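Structure file protein.txt (compact mmCIF, C-alpha atoms) is printed below.
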# COMPACT_ATOMS: atom_id res chain seq x y z
CA LYS A 1 8.21 -1.63 -82.02
CA MET A 2 8.95 -1.24 -85.72
CA ALA A 3 6.32 -3.76 -86.72
CA ALA A 4 3.78 -1.80 -84.66
CA ALA A 5 4.84 1.48 -86.25
CA THR A 6 4.35 0.10 -89.77
CA ALA A 7 1.02 -1.45 -88.86
CA THR A 8 -0.16 1.88 -87.45
CA ARG A 9 0.81 3.66 -90.67
CA PHE A 10 -1.15 1.14 -92.75
CA CYS A 11 -4.16 1.37 -90.40
CA GLN A 12 -4.22 5.13 -90.60
CA GLN A 13 -4.19 5.01 -94.38
CA LEU A 14 -6.97 2.44 -94.57
CA SER A 15 -9.35 4.05 -92.10
CA SER A 16 -9.08 7.64 -93.34
CA VAL A 17 -12.62 7.28 -94.73
CA SER A 18 -14.17 6.74 -91.30
CA ASP A 19 -12.58 9.76 -89.64
CA MET A 20 -16.08 11.27 -89.46
CA SER A 21 -17.40 8.74 -86.94
CA PRO A 22 -15.51 7.26 -84.00
CA ASP A 23 -14.21 3.75 -84.58
CA TRP A 24 -16.26 2.19 -81.80
CA THR A 25 -19.30 2.58 -84.03
CA THR A 26 -17.74 0.52 -86.82
CA LYS A 27 -15.24 -1.84 -85.22
CA GLU A 28 -16.18 -5.24 -83.90
CA VAL A 29 -15.94 -5.96 -80.20
CA SER A 30 -12.82 -7.97 -79.57
CA THR A 31 -11.12 -9.43 -76.57
CA GLY A 32 -7.70 -8.31 -77.84
CA THR A 33 -6.19 -9.84 -74.82
CA THR A 34 -3.66 -11.82 -72.88
CA ILE A 35 -4.61 -15.26 -71.55
CA MET A 36 -2.47 -17.94 -69.96
CA ALA A 37 -2.77 -21.39 -68.44
CA VAL A 38 -0.21 -23.57 -66.61
CA GLU A 39 -0.38 -27.19 -65.45
CA TYR A 40 0.93 -28.12 -62.02
CA GLU A 41 0.95 -31.27 -59.94
CA GLY A 42 -2.69 -31.66 -58.99
CA GLY A 43 -4.36 -29.02 -61.13
CA VAL A 44 -4.09 -25.97 -63.37
CA VAL A 45 -3.75 -22.23 -62.90
CA ILE A 46 -5.41 -19.97 -65.47
CA GLY A 47 -5.30 -16.21 -65.84
CA ALA A 48 -6.48 -13.38 -68.06
CA ASP A 49 -6.56 -9.60 -68.30
CA SER A 50 -9.91 -7.79 -68.25
CA ARG A 51 -10.04 -5.47 -71.26
CA THR A 52 -12.59 -5.69 -74.10
CA THR A 53 -12.16 -3.18 -76.91
CA THR A 54 -14.16 -1.88 -79.87
CA GLY A 55 -11.38 -0.21 -81.81
CA ALA A 56 -9.83 2.33 -79.46
CA TYR A 57 -12.73 2.36 -76.98
CA ILE A 58 -12.60 0.00 -74.02
CA ALA A 59 -16.09 -1.43 -74.00
CA ASN A 60 -15.57 -3.35 -70.77
CA ARG A 61 -12.61 -2.77 -68.46
CA VAL A 62 -13.53 -5.48 -65.97
CA THR A 63 -14.33 -8.36 -68.33
CA ASP A 64 -14.26 -11.92 -67.09
CA LYS A 65 -12.56 -13.94 -69.80
CA LEU A 66 -12.32 -17.08 -67.67
CA THR A 67 -15.54 -18.87 -68.52
CA PRO A 68 -16.69 -22.01 -66.68
CA ILE A 69 -17.65 -24.84 -69.01
CA HIS A 70 -18.19 -27.41 -66.31
CA ASP A 71 -17.47 -27.81 -62.58
CA ARG A 72 -13.73 -28.29 -63.04
CA ILE A 73 -13.24 -27.17 -66.63
CA PHE A 74 -12.73 -23.55 -67.72
CA CYS A 75 -11.89 -21.84 -70.96
CA CYS A 76 -9.91 -18.64 -71.53
CA ARG A 77 -11.28 -16.62 -74.45
CA SER A 78 -9.42 -14.40 -76.93
CA GLY A 79 -10.39 -12.95 -80.31
CA SER A 80 -13.90 -11.84 -81.21
CA ALA A 81 -16.00 -11.50 -78.05
CA ALA A 82 -19.18 -12.56 -79.87
CA ASP A 83 -17.61 -15.64 -81.47
CA THR A 84 -16.02 -16.89 -78.26
CA GLN A 85 -19.15 -16.35 -76.19
CA ALA A 86 -21.23 -18.22 -78.76
CA ILE A 87 -18.80 -21.14 -78.94
CA ALA A 88 -18.46 -21.34 -75.16
CA ASP A 89 -22.25 -21.43 -74.77
CA ILE A 90 -22.53 -24.22 -77.34
CA VAL A 91 -19.77 -26.29 -75.76
CA THR A 92 -21.21 -25.78 -72.25
CA TYR A 93 -24.49 -27.24 -73.49
CA GLN A 94 -22.86 -30.13 -75.34
CA LEU A 95 -20.59 -31.01 -72.43
CA GLY A 96 -23.39 -30.81 -69.87
CA PHE A 97 -25.51 -33.17 -71.95
CA HIS A 98 -22.60 -35.56 -72.43
CA SER A 99 -21.83 -35.56 -68.70
CA ILE A 100 -25.44 -36.48 -67.84
CA GLU A 101 -25.37 -39.34 -70.35
CA LEU A 102 -22.04 -40.57 -68.98
CA ASP A 103 -23.22 -40.11 -65.37
CA GLU A 104 -19.81 -38.83 -64.35
CA ALA A 105 -17.65 -35.73 -64.61
CA PRO A 106 -16.45 -35.06 -68.18
CA LEU A 107 -12.82 -35.19 -69.25
CA VAL A 108 -10.91 -31.98 -70.07
CA GLN A 109 -9.87 -33.64 -73.32
CA THR A 110 -13.55 -34.03 -74.25
CA ALA A 111 -14.22 -30.34 -73.66
CA ALA A 112 -11.15 -29.42 -75.70
CA ASN A 113 -12.27 -31.63 -78.57
CA LEU A 114 -15.72 -30.05 -78.55
CA PHE A 115 -14.10 -26.61 -78.88
CA LYS A 116 -11.89 -27.88 -81.64
CA ALA A 117 -14.86 -29.37 -83.53
CA SER A 118 -16.69 -26.02 -83.61
CA CYS A 119 -13.60 -23.90 -84.24
CA TYR A 120 -12.37 -26.10 -87.10
CA ARG A 121 -15.71 -26.61 -88.83
CA TYR A 122 -16.49 -22.89 -88.89
CA ARG A 123 -12.90 -21.70 -89.19
CA GLU A 124 -13.68 -19.33 -92.10
CA GLU A 125 -16.37 -17.49 -90.16
CA LEU A 126 -14.81 -17.44 -86.71
CA MET A 127 -12.04 -15.47 -85.07
CA ALA A 128 -11.47 -17.27 -81.80
CA GLY A 129 -8.37 -18.36 -79.88
CA ILE A 130 -9.29 -20.47 -76.87
CA ILE A 131 -7.33 -22.15 -74.10
CA VAL A 132 -9.19 -25.00 -72.36
CA ALA A 133 -7.94 -25.96 -68.91
CA GLY A 134 -9.22 -28.01 -66.01
CA TRP A 135 -8.90 -31.05 -63.81
CA ASP A 136 -10.30 -34.53 -64.25
CA LYS A 137 -9.86 -37.82 -62.43
CA ARG A 138 -8.10 -39.63 -65.27
CA ARG A 139 -5.25 -37.27 -66.15
CA GLY A 140 -5.23 -34.59 -63.43
CA GLY A 141 -4.53 -31.01 -64.46
CA GLN A 142 -4.45 -30.41 -68.23
CA VAL A 143 -4.10 -27.43 -70.59
CA TYR A 144 -5.22 -27.65 -74.21
CA THR A 145 -4.87 -24.82 -76.69
CA VAL A 146 -7.25 -24.30 -79.64
CA PRO A 147 -5.85 -21.34 -81.58
CA VAL A 148 -7.38 -19.56 -84.61
CA GLY A 149 -7.89 -22.16 -87.34
CA GLY A 150 -8.96 -24.98 -85.08
CA MET A 151 -5.80 -26.87 -84.16
CA LEU A 152 -5.82 -28.78 -80.87
CA VAL A 153 -2.69 -29.49 -78.88
CA ARG A 154 -1.98 -30.19 -75.23
CA GLN A 155 0.81 -28.11 -73.68
CA PRO A 156 2.08 -27.84 -70.10
CA VAL A 157 1.94 -24.06 -70.41
CA SER A 158 0.13 -21.97 -73.00
CA VAL A 159 -0.34 -18.26 -73.69
CA GLY A 160 -2.77 -16.65 -76.09
CA GLY A 161 -4.21 -13.40 -77.33
CA SER A 162 -2.61 -10.29 -78.77
CA GLY A 163 -0.52 -9.65 -75.67
CA SER A 164 0.95 -13.13 -75.65
CA THR A 165 3.68 -12.33 -78.19
CA TYR A 166 5.42 -10.08 -75.67
CA ILE A 167 5.71 -12.77 -73.01
CA TYR A 168 6.94 -15.78 -74.98
CA GLY A 169 10.51 -15.04 -73.92
CA PHE A 170 9.51 -14.54 -70.28
CA MET A 171 7.47 -17.73 -70.28
CA ASP A 172 10.19 -19.82 -71.96
CA SER A 173 12.80 -18.70 -69.46
CA ASN A 174 10.69 -18.78 -66.29
CA TYR A 175 8.58 -21.90 -66.68
CA LYS A 176 9.98 -25.07 -65.22
CA PRO A 177 8.22 -28.43 -65.04
CA ASN A 178 6.78 -29.59 -61.70
CA MET A 179 6.09 -26.19 -60.13
CA THR A 180 3.79 -25.74 -57.13
CA LYS A 181 0.43 -23.96 -57.27
CA GLU A 182 1.92 -20.83 -55.66
CA GLN A 183 4.79 -20.73 -58.16
CA CYS A 184 2.31 -21.06 -61.02
CA LEU A 185 0.15 -18.22 -59.65
CA HIS A 186 3.28 -16.10 -59.35
CA LEU A 187 4.38 -16.94 -62.91
CA VAL A 188 0.95 -16.23 -64.43
CA SER A 189 0.38 -12.94 -62.62
CA GLY A 190 3.93 -11.80 -63.45
CA ALA A 191 3.62 -12.69 -67.11
CA LEU A 192 0.17 -11.12 -67.47
CA SER A 193 1.26 -7.85 -65.88
CA LEU A 194 4.25 -7.64 -68.28
CA ALA A 195 1.98 -8.24 -71.27
CA MET A 196 -0.62 -5.75 -70.05
CA GLU A 197 2.06 -3.11 -69.79
CA ARG A 198 3.17 -3.54 -73.41
CA ASP A 199 -0.03 -4.49 -75.25
CA GLY A 200 -2.54 -1.70 -75.83
CA SER A 201 -5.37 -4.20 -76.15
CA SER A 202 -4.72 -5.79 -72.74
CA GLY A 203 -5.17 -4.15 -69.37
CA GLY A 204 -7.39 -3.61 -66.37
CA VAL A 205 -7.24 -6.22 -63.63
CA ILE A 206 -5.78 -9.73 -63.58
CA ARG A 207 -8.28 -12.52 -63.04
CA LEU A 208 -6.83 -15.81 -61.79
CA ALA A 209 -8.32 -19.23 -61.08
CA ALA A 210 -6.76 -22.38 -59.64
CA ILE A 211 -8.63 -25.59 -60.55
CA SER A 212 -7.95 -28.86 -58.75
CA GLU A 213 -9.73 -31.89 -57.36
CA SER A 214 -11.03 -29.86 -54.43
CA GLY A 215 -12.64 -27.21 -56.62
CA VAL A 216 -12.04 -23.77 -58.12
CA GLU A 217 -10.41 -20.85 -56.29
CA ARG A 218 -10.78 -17.49 -58.02
CA GLN A 219 -8.98 -14.26 -57.26
CA VAL A 220 -8.60 -10.77 -58.70
CA ILE A 221 -5.47 -8.64 -58.69
CA LEU A 222 -6.41 -4.97 -59.01
CA GLY A 223 -4.47 -2.41 -61.04
CA ASN A 224 -2.61 -0.90 -58.11
CA GLN A 225 -1.62 -4.34 -56.80
CA LEU A 226 -0.10 -5.59 -60.05
CA PRO A 227 3.41 -7.04 -59.80
CA LYS A 228 5.91 -4.31 -60.64
CA TRP A 229 9.17 -4.64 -62.52
CA SER A 230 12.10 -2.23 -62.56
CA THR A 231 11.34 -0.33 -65.75
CA ALA A 232 13.74 1.39 -68.09
CA MET B 1 -1.96 -15.59 -83.13
CA GLU B 2 -2.21 -13.22 -86.08
CA ARG B 3 0.68 -10.87 -86.58
CA HIS B 4 1.74 -8.97 -89.65
CA TYR B 5 5.48 -9.15 -90.05
CA MET B 6 6.93 -5.92 -91.34
CA ASP B 7 9.51 -7.96 -93.18
CA SER B 8 7.06 -9.80 -95.41
CA LYS B 9 6.13 -6.47 -96.96
CA ILE B 10 9.77 -5.66 -97.74
CA LYS B 11 10.85 -6.48 -101.24
CA GLY B 12 14.06 -8.41 -101.50
CA VAL B 13 16.33 -9.40 -98.68
CA SER B 14 15.39 -8.30 -95.20
CA THR B 15 16.90 -8.81 -91.83
CA GLY B 16 13.84 -10.21 -90.11
CA THR B 17 15.77 -10.06 -86.97
CA THR B 18 16.37 -9.59 -83.28
CA ILE B 19 18.63 -6.76 -82.20
CA LEU B 20 19.30 -5.24 -78.82
CA ALA B 21 21.61 -2.92 -76.95
CA VAL B 22 22.02 -2.75 -73.16
CA THR B 23 24.06 -0.41 -70.98
CA PHE B 24 25.93 -1.77 -67.99
CA ASN B 25 28.30 -0.39 -65.43
CA GLY B 26 31.14 0.94 -67.55
CA GLY B 27 30.03 0.07 -71.05
CA VAL B 28 27.38 -1.11 -73.44
CA ILE B 29 26.66 -4.43 -75.13
CA ILE B 30 25.10 -4.46 -78.56
CA GLY B 31 23.87 -7.74 -80.00
CA SER B 32 22.01 -9.40 -82.83
CA ASP B 33 21.21 -12.69 -84.51
CA SER B 34 22.71 -13.55 -87.89
CA ARG B 35 19.88 -14.49 -90.21
CA ALA B 36 18.90 -12.69 -93.45
CA SER B 37 15.62 -13.88 -94.94
CA MET B 38 13.56 -13.32 -98.05
CA GLY B 39 9.84 -13.33 -97.42
CA GLY B 40 9.87 -15.51 -94.33
CA ASN B 41 10.51 -18.70 -96.34
CA TYR B 42 14.09 -18.59 -97.50
CA VAL B 43 17.19 -17.85 -95.49
CA CYS B 44 19.55 -15.91 -97.75
CA SER B 45 22.37 -15.87 -95.28
CA LYS B 46 22.92 -17.73 -92.03
CA THR B 47 25.94 -15.72 -91.00
CA ILE B 48 25.33 -12.09 -91.78
CA ASN B 49 26.83 -9.53 -89.45
CA LYS B 50 24.30 -6.90 -88.49
CA LEU B 51 26.61 -5.04 -86.14
CA ILE B 52 28.22 -2.29 -88.19
CA GLN B 53 31.08 -0.31 -86.73
CA VAL B 54 30.55 3.35 -87.63
CA HIS B 55 33.43 4.61 -85.52
CA ASP B 56 36.01 3.38 -83.01
CA ARG B 57 33.60 3.12 -80.09
CA ILE B 58 30.24 3.40 -81.87
CA PHE B 59 28.28 0.54 -83.41
CA CYS B 60 24.96 0.34 -85.19
CA CYS B 61 22.68 -2.61 -85.60
CA ILE B 62 20.19 -2.82 -88.40
CA ALA B 63 16.69 -4.16 -88.84
CA GLY B 64 14.42 -4.10 -91.85
CA SER B 65 15.38 -3.97 -95.49
CA LEU B 66 19.03 -4.93 -95.82
CA ALA B 67 19.56 -2.76 -98.87
CA ASP B 68 18.20 0.33 -97.13
CA ALA B 69 20.20 -0.42 -94.00
CA GLN B 70 23.47 -0.83 -95.91
CA ALA B 71 22.89 2.40 -97.84
CA VAL B 72 22.15 4.36 -94.68
CA THR B 73 25.04 2.96 -92.65
CA LYS B 74 27.54 3.58 -95.46
CA THR B 75 26.44 7.21 -95.70
CA ALA B 76 26.36 7.60 -91.94
CA LYS B 77 29.86 6.13 -91.55
CA PHE B 78 31.24 8.67 -93.99
CA GLN B 79 29.44 11.60 -92.39
CA ILE B 80 30.52 10.61 -88.89
CA SER B 81 34.16 10.23 -89.95
CA LEU B 82 34.11 13.65 -91.58
CA HIS B 83 32.51 15.19 -88.50
CA SER B 84 35.10 13.57 -86.27
CA ILE B 85 37.98 14.91 -88.39
CA GLN B 86 36.51 18.40 -88.39
CA MET B 87 35.98 18.37 -84.60
CA GLU B 88 39.41 16.79 -84.05
CA SER B 89 37.99 14.44 -81.45
CA PRO B 90 36.05 11.16 -81.36
CA PRO B 91 32.37 11.72 -82.15
CA LEU B 92 29.69 11.65 -79.50
CA VAL B 93 27.34 8.66 -79.65
CA LYS B 94 24.49 11.14 -79.79
CA ALA B 95 26.04 12.73 -82.88
CA ALA B 96 26.22 9.36 -84.62
CA ALA B 97 22.64 8.58 -83.69
CA SER B 98 21.58 12.00 -84.93
CA VAL B 99 23.19 11.36 -88.30
CA MET B 100 21.19 8.12 -88.62
CA LYS B 101 18.05 9.93 -87.57
CA GLU B 102 18.50 12.71 -90.17
CA LEU B 103 18.91 10.13 -92.92
CA CYS B 104 15.88 8.12 -91.78
CA TYR B 105 13.63 11.14 -91.23
CA ASN B 106 14.48 12.95 -94.46
CA ASN B 107 13.97 9.80 -96.52
CA LYS B 108 11.14 8.30 -94.51
CA GLU B 109 8.93 7.63 -97.55
CA GLU B 110 11.49 5.45 -99.30
CA LEU B 111 13.27 3.74 -96.43
CA GLN B 112 12.18 0.71 -94.45
CA ALA B 113 14.89 0.23 -91.88
CA GLY B 114 15.28 0.86 -88.17
CA PHE B 115 18.50 1.19 -86.22
CA ILE B 116 19.94 0.91 -82.77
CA THR B 117 23.07 2.98 -82.15
CA ALA B 118 25.19 2.23 -79.12
CA GLY B 119 28.63 3.19 -77.96
CA TRP B 120 30.86 4.92 -75.51
CA ASP B 121 32.09 8.51 -75.49
CA LYS B 122 33.99 10.61 -72.97
CA LYS B 123 31.15 13.06 -72.32
CA LYS B 124 28.32 10.74 -71.29
CA GLY B 125 29.88 7.30 -71.11
CA PRO B 126 27.90 4.31 -72.38
CA GLN B 127 24.71 5.18 -74.26
CA VAL B 128 22.01 3.51 -76.32
CA TYR B 129 19.86 5.29 -78.93
CA THR B 130 17.08 3.89 -81.04
CA VAL B 131 16.01 5.33 -84.40
CA ALA B 132 12.59 3.97 -85.36
CA LEU B 133 11.09 3.59 -88.83
CA GLY B 134 9.84 7.15 -89.31
CA GLY B 135 12.94 8.77 -87.90
CA MET B 136 12.16 9.13 -84.19
CA LEU B 137 15.27 9.25 -81.99
CA LEU B 138 15.11 8.06 -78.39
CA SER B 139 17.75 7.60 -75.73
CA LEU B 140 17.16 4.62 -73.45
CA PRO B 141 19.11 2.52 -70.92
CA PHE B 142 18.40 -0.50 -73.09
CA THR B 143 16.37 -1.23 -76.18
CA ILE B 144 15.30 -4.14 -78.33
CA GLY B 145 14.27 -4.16 -81.99
CA GLY B 146 13.43 -6.24 -85.02
CA SER B 147 10.69 -8.77 -85.58
CA GLY B 148 11.97 -11.11 -82.86
CA SER B 149 11.92 -8.41 -80.23
CA THR B 150 8.16 -8.67 -79.63
CA TYR B 151 8.69 -12.06 -77.99
CA ILE B 152 11.17 -10.75 -75.45
CA TYR B 153 9.51 -7.52 -74.27
CA GLY B 154 8.22 -9.33 -71.20
CA TYR B 155 11.56 -11.00 -70.51
CA THR B 156 13.63 -7.81 -70.85
CA ASP B 157 11.14 -5.71 -68.87
CA ALA B 158 11.35 -8.23 -66.05
CA LYS B 159 15.06 -8.99 -66.07
CA TYR B 160 16.77 -5.69 -66.84
CA LYS B 161 18.43 -3.93 -63.91
CA PRO B 162 20.41 -0.70 -64.12
CA ASP B 163 24.18 -0.89 -63.37
CA MET B 164 24.73 -4.56 -64.11
CA SER B 165 28.22 -5.99 -64.26
CA ARG B 166 29.73 -6.97 -67.61
CA GLU B 167 29.09 -10.68 -67.03
CA GLU B 168 25.49 -10.15 -65.88
CA CYS B 169 24.83 -7.98 -68.91
CA LEU B 170 26.40 -10.51 -71.28
CA GLN B 171 24.19 -13.24 -69.79
CA PHE B 172 21.09 -11.02 -70.04
CA ALA B 173 21.78 -10.19 -73.71
CA THR B 174 22.59 -13.79 -74.63
CA ASN B 175 19.45 -15.13 -72.94
CA ALA B 176 17.27 -12.49 -74.59
CA LEU B 177 18.65 -13.26 -78.06
CA ALA B 178 18.33 -17.02 -77.50
CA LEU B 179 14.70 -16.69 -76.41
CA ALA B 180 13.81 -14.50 -79.37
CA MET B 181 15.61 -16.75 -81.85
CA GLY B 182 13.73 -19.69 -80.36
CA ARG B 183 10.33 -18.18 -81.12
CA ASP B 184 10.87 -16.02 -84.23
CA ASN B 185 11.30 -17.96 -87.44
CA VAL B 186 13.08 -15.11 -89.21
CA SER B 187 15.72 -14.76 -86.50
CA GLY B 188 18.39 -17.36 -86.01
CA GLY B 189 21.93 -18.52 -86.68
CA VAL B 190 24.59 -17.34 -84.27
CA ALA B 191 24.47 -14.63 -81.65
CA HIS B 192 26.80 -11.71 -82.32
CA LEU B 193 27.63 -9.56 -79.32
CA VAL B 194 29.97 -6.58 -79.11
CA VAL B 195 31.09 -5.22 -75.76
CA ILE B 196 32.06 -1.52 -75.98
CA THR B 197 33.89 0.14 -73.10
CA GLU B 198 36.33 2.98 -72.65
CA GLY B 199 39.15 0.48 -73.04
CA GLY B 200 38.07 -0.94 -76.36
CA VAL B 201 35.76 -3.16 -78.34
CA GLU B 202 35.37 -6.93 -77.92
CA HIS B 203 33.43 -9.11 -80.33
CA VAL B 204 31.82 -12.26 -78.87
CA VAL B 205 30.24 -14.85 -81.18
CA ILE B 206 28.09 -17.63 -79.72
CA PRO B 207 27.26 -20.41 -82.19
CA GLY B 208 23.71 -21.77 -82.25
CA ASP B 209 24.47 -24.96 -80.36
CA LYS B 210 26.17 -23.11 -77.51
CA LEU B 211 23.23 -20.80 -76.84
CA PRO B 212 21.34 -21.23 -73.56
CA LYS B 213 18.57 -23.82 -73.77
CA PHE B 214 15.19 -23.55 -72.07
CA HIS B 215 12.76 -25.97 -70.59
CA ASP B 216 11.21 -27.35 -73.75
CA GLU B 217 14.40 -27.91 -75.76

Target encoding structure tokens, full file:
Amino acid sequence: KMAAATATRFCQQLSSVSDMSPDWTTKEVSTGTTIMAVEYEGGVVIGADSRTTTGAYIANRVTDKLTPIHDRIFCCRSGSAADTQAIADIVTYQLGFHSIELDEAPLVQTAANLFKASCYRYREELMAGIIVAGWDKRRGGQVYTVPVGGMLVRQPVSVGGSGSTYIYGFMDSNYKPNMTKEQCLHLVSGALSLAMERDGSSGGVIRLAAISESGVERQVILGNQLPKWSTA
Amino acid sequence: MERHYMDSKIKGVSTGTTILAVTFNGGVIIGSDSRASMGGNYVCSKTINKLIQVHDRIFCCIAGSLADAQAVTKTAKFQISLHSIQMESPPLVKAAASVMKELCYNNKEELQAGFITAGWDKKKGPQVYTVALGGMLLSLPFTIGGSGSTYIYGYTDAKYKPDMSREECLQFATNALALAMGRDNVSGGVAHLVVITEGGVEHVVIPGDKLPKFHDE
């Protein structure tokens, strides 16, 4: 709370010049966001909020931040909307080409490395935090995180975006290895609704997807159906 | 994940920290970590006590610049004692929190410290007050603060229940501190907890290796 209060003071001082025009005319579109992905036995569960902001204006309140890269590989996008869309388009092309050459379904690790290659090479120009998740025949369900800067690391559970800071504690205490698909869906939707409640840049609906050998199941949890917690 | 730590803009020693206070059935638990850092790179003290007793049943915990926090709490302690002598009765927790708020609000340009005041008094029982950076005063059933608190907003929102027992509350506070200390690099050391009830004050210290561990440790 105190960090946010100080940041607000600084922001107000810096942007006093542009008080004449609203900030959505000058600020870049960003998916200030909360995204999450969890591995389970047989697949992955991914989730995201649905808010895209330009400054204080919500440009899109029903955004789909879960972007398919291949049949059983998705990415969750956070950071600059333009940068992440551009990178996702490039990787989708590269992966599709690679899959045709290979004549089989691509590995999640390959997709993650393609993201890393673009994010690392252009790290000075880009502002993109991406979580790559999917299922392949060799290693089953996998989650790879490619944060700002272009690092690549595989994690059983990963959160990202501006809202993720608020749910590290919840995630650390509630995640256990070897959960079922239903438990993962419950964990992700619970965590996302907590983050959306605290982070001004996250909100709207929760989009979920479960990826496994049999395919992709998508669902949407609307605002009035969000998990509720006993609040102070 | 880009975040601007308030503490890196503080000159000198700061308590980049995790602090919290939670009411339960019959009392209040106030807790903190024990790390004092300088610029996010150097730990000046591994065992600093951030829980300051300002009166018999009223404690404050501090976050932000350590120098500012010590100056404010020293002044507040004196003013609260004087007030208590004049009123010939123990001070209300709200009075103590108000004293902190006056100091923070009237000196808001120079100060960079936030406080949580918690305690027990005969009029309203256990209470928790938070005084934010600019001098806002809020009364809440529980509150968290400091740089490490951002990581446990989700956890505390999910796990807090009103009217917990003393043991449940102690477990809740310990878990919350452990989770925050596990993710925030400027929080750490031991967990200091003080349990304040009508009957008295009990100080619980949990060393780092006895803190609850989570799945990836």

(request) With a distance cut-off of 8 Å and all atoms listed in the file, select the neighbouring residues of segment 213-222 of chain A, excluding the residue or stretch itself and same-chain residues fewer than 4 positions from it, and output the selection as a list in words. (result)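 Listed by chain and then number, they are Gly42, Gly43, Asp71, Arg72, Trp135, Asp136, Lys137, Gly204, Val205, Ile206, Arg207, Leu208, Ala209 and Leu226 of chain A.
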
(message) Considering all atoms listed in the file, can you say which of B:Tyr155, B:Met164, B:Gln127, B:Gly189 comes closest to chain A?
(response)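 Ranked by minimum distance to chain A, first place goes to B:Tyr155.
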
(message) Please compute the atom CA of Ala191 of chain B-atom CA of Thr117 of chain B distance, one decimal, in Å.
(response)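 These atoms are spaced 17.7 Å apart.
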
(message) Let me make sure I understand: among B:Tyr129, B:Phe59, B:Tyr151, B:Tyr160, which one has the smallest atom-to-atom distance to Glu202 of chain B if we use only C-alpha atoms?
(response)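 For Glu202 of chain B, the nearest of the given residues is B:Phe59.
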
(message) Show me, as a PyMOL selection string, every residue of chain B with an atom at most 10 Å from chain A, counting only C-alpha atoms.
(response) chain B and resi 1-7+9+63-64+112-115+131-134+140-162+175-183+212-217

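Among the candidate residues B:Ala76, B:Gly26, B:Ala21, B:Leu82, the one lying nearest to Gly199 of chain B is B:Gly26, with distances computed using all atoms listed in the file.
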
(request) Fewer than 2 positions away in the same chain doesn't count, so skip those; otherwise give me all residues within 12 Å of Gln109 of chain A, counting all atoms listed in the file, as JSON, numbers by chain. (result) {"A": [73, 74, 95, 105, 106, 107, 111, 112, 113, 114, 115, 116, 131, 132, 133, 134, 135, 136, 137, 138, 139, 140, 141, 142, 143, 144, 145, 146, 152, 153, 154]}

Could you write those residues out with C-alpha atoms, as a PDB file, in the frame of the given file?
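Contents of part-v5.pdb, freshly written:
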ATOM      1  CA  ILE A  73     -13.240 -27.170 -66.630  1.00  0.00           C
ATOM      2  CA  PHE A  74     -12.730 -23.550 -67.720  1.00  0.00           C
ATOM      3  CA  LEU A  95     -20.590 -31.010 -72.430  1.00  0.00           C
ATOM      4  CA  ALA A 105     -17.650 -35.730 -64.610  1.00  0.00           C
ATOM      5  CA  PRO A 106     -16.450 -35.060 -68.180  1.00  0.00           C
ATOM      6  CA  LEU A 107     -12.820 -35.190 -69.250  1.00  0.00           C
ATOM      7  CA  ALA A 111     -14.220 -30.340 -73.660  1.00  0.00           C
ATOM      8  CA  ALA A 112     -11.150 -29.420 -75.700  1.00  0.00           C
ATOM      9  CA  ASN A 113     -12.270 -31.630 -78.570  1.00  0.00           C
ATOM     10  CA  LEU A 114     -15.720 -30.050 -78.550  1.00  0.00           C
ATOM     11  CA  PHE A 115     -14.100 -26.610 -78.880  1.00  0.00           C
ATOM     12  CA  LYS A 116     -11.890 -27.880 -81.640  1.00  0.00           C
ATOM     13  CA  ILE A 131      -7.330 -22.150 -74.100  1.00  0.00           C
ATOM     14  CA  VAL A 132      -9.190 -25.000 -72.360  1.00  0.00           C
ATOM     15  CA  ALA A 133      -7.940 -25.960 -68.910  1.00  0.00           C
ATOM     16  CA  GLY A 134      -9.220 -28.010 -66.010  1.00  0.00           C
ATOM     17  CA  TRP A 135      -8.900 -31.050 -63.810  1.00  0.00           C
ATOM     18  CA  ASP A 136     -10.300 -34.530 -64.250  1.00  0.00           C
ATOM     19  CA  LYS A 137      -9.860 -37.820 -62.430  1.00  0.00           C
ATOM     20  CA  ARG A 138      -8.100 -39.630 -65.270  1.00  0.00           C
ATOM     21  CA  ARG A 139      -5.250 -37.270 -66.150  1.00  0.00           C
ATOM     22  CA  GLY A 140      -5.230 -34.590 -63.430  1.00  0.00           C
ATOM     23  CA  GLY A 141      -4.530 -31.010 -64.460  1.00  0.00           C
ATOM     24  CA  GLN A 142      -4.450 -30.410 -68.230  1.00  0.00           C
ATOM     25  CA  VAL A 143      -4.100 -27.430 -70.590  1.00  0.00           C
ATOM     26  CA  TYR A 144      -5.220 -27.650 -74.210  1.00  0.00           C
ATOM     27  CA  THR A 145      -4.870 -24.820 -76.690  1.00  0.00           C
ATOM     28  CA  VAL A 146      -7.250 -24.300 -79.640  1.00  0.00           C
ATOM     29  CA  LEU A 152      -5.820 -28.780 -80.870  1.00  0.00           C
ATOM     30  CA  VAL A 153      -2.690 -29.490 -78.880  1.00  0.00           C
ATOM     31  CA  ARG A 154      -1.980 -30.190 -75.230  1.00  0.00           C
TER      32      ARG A 154
END
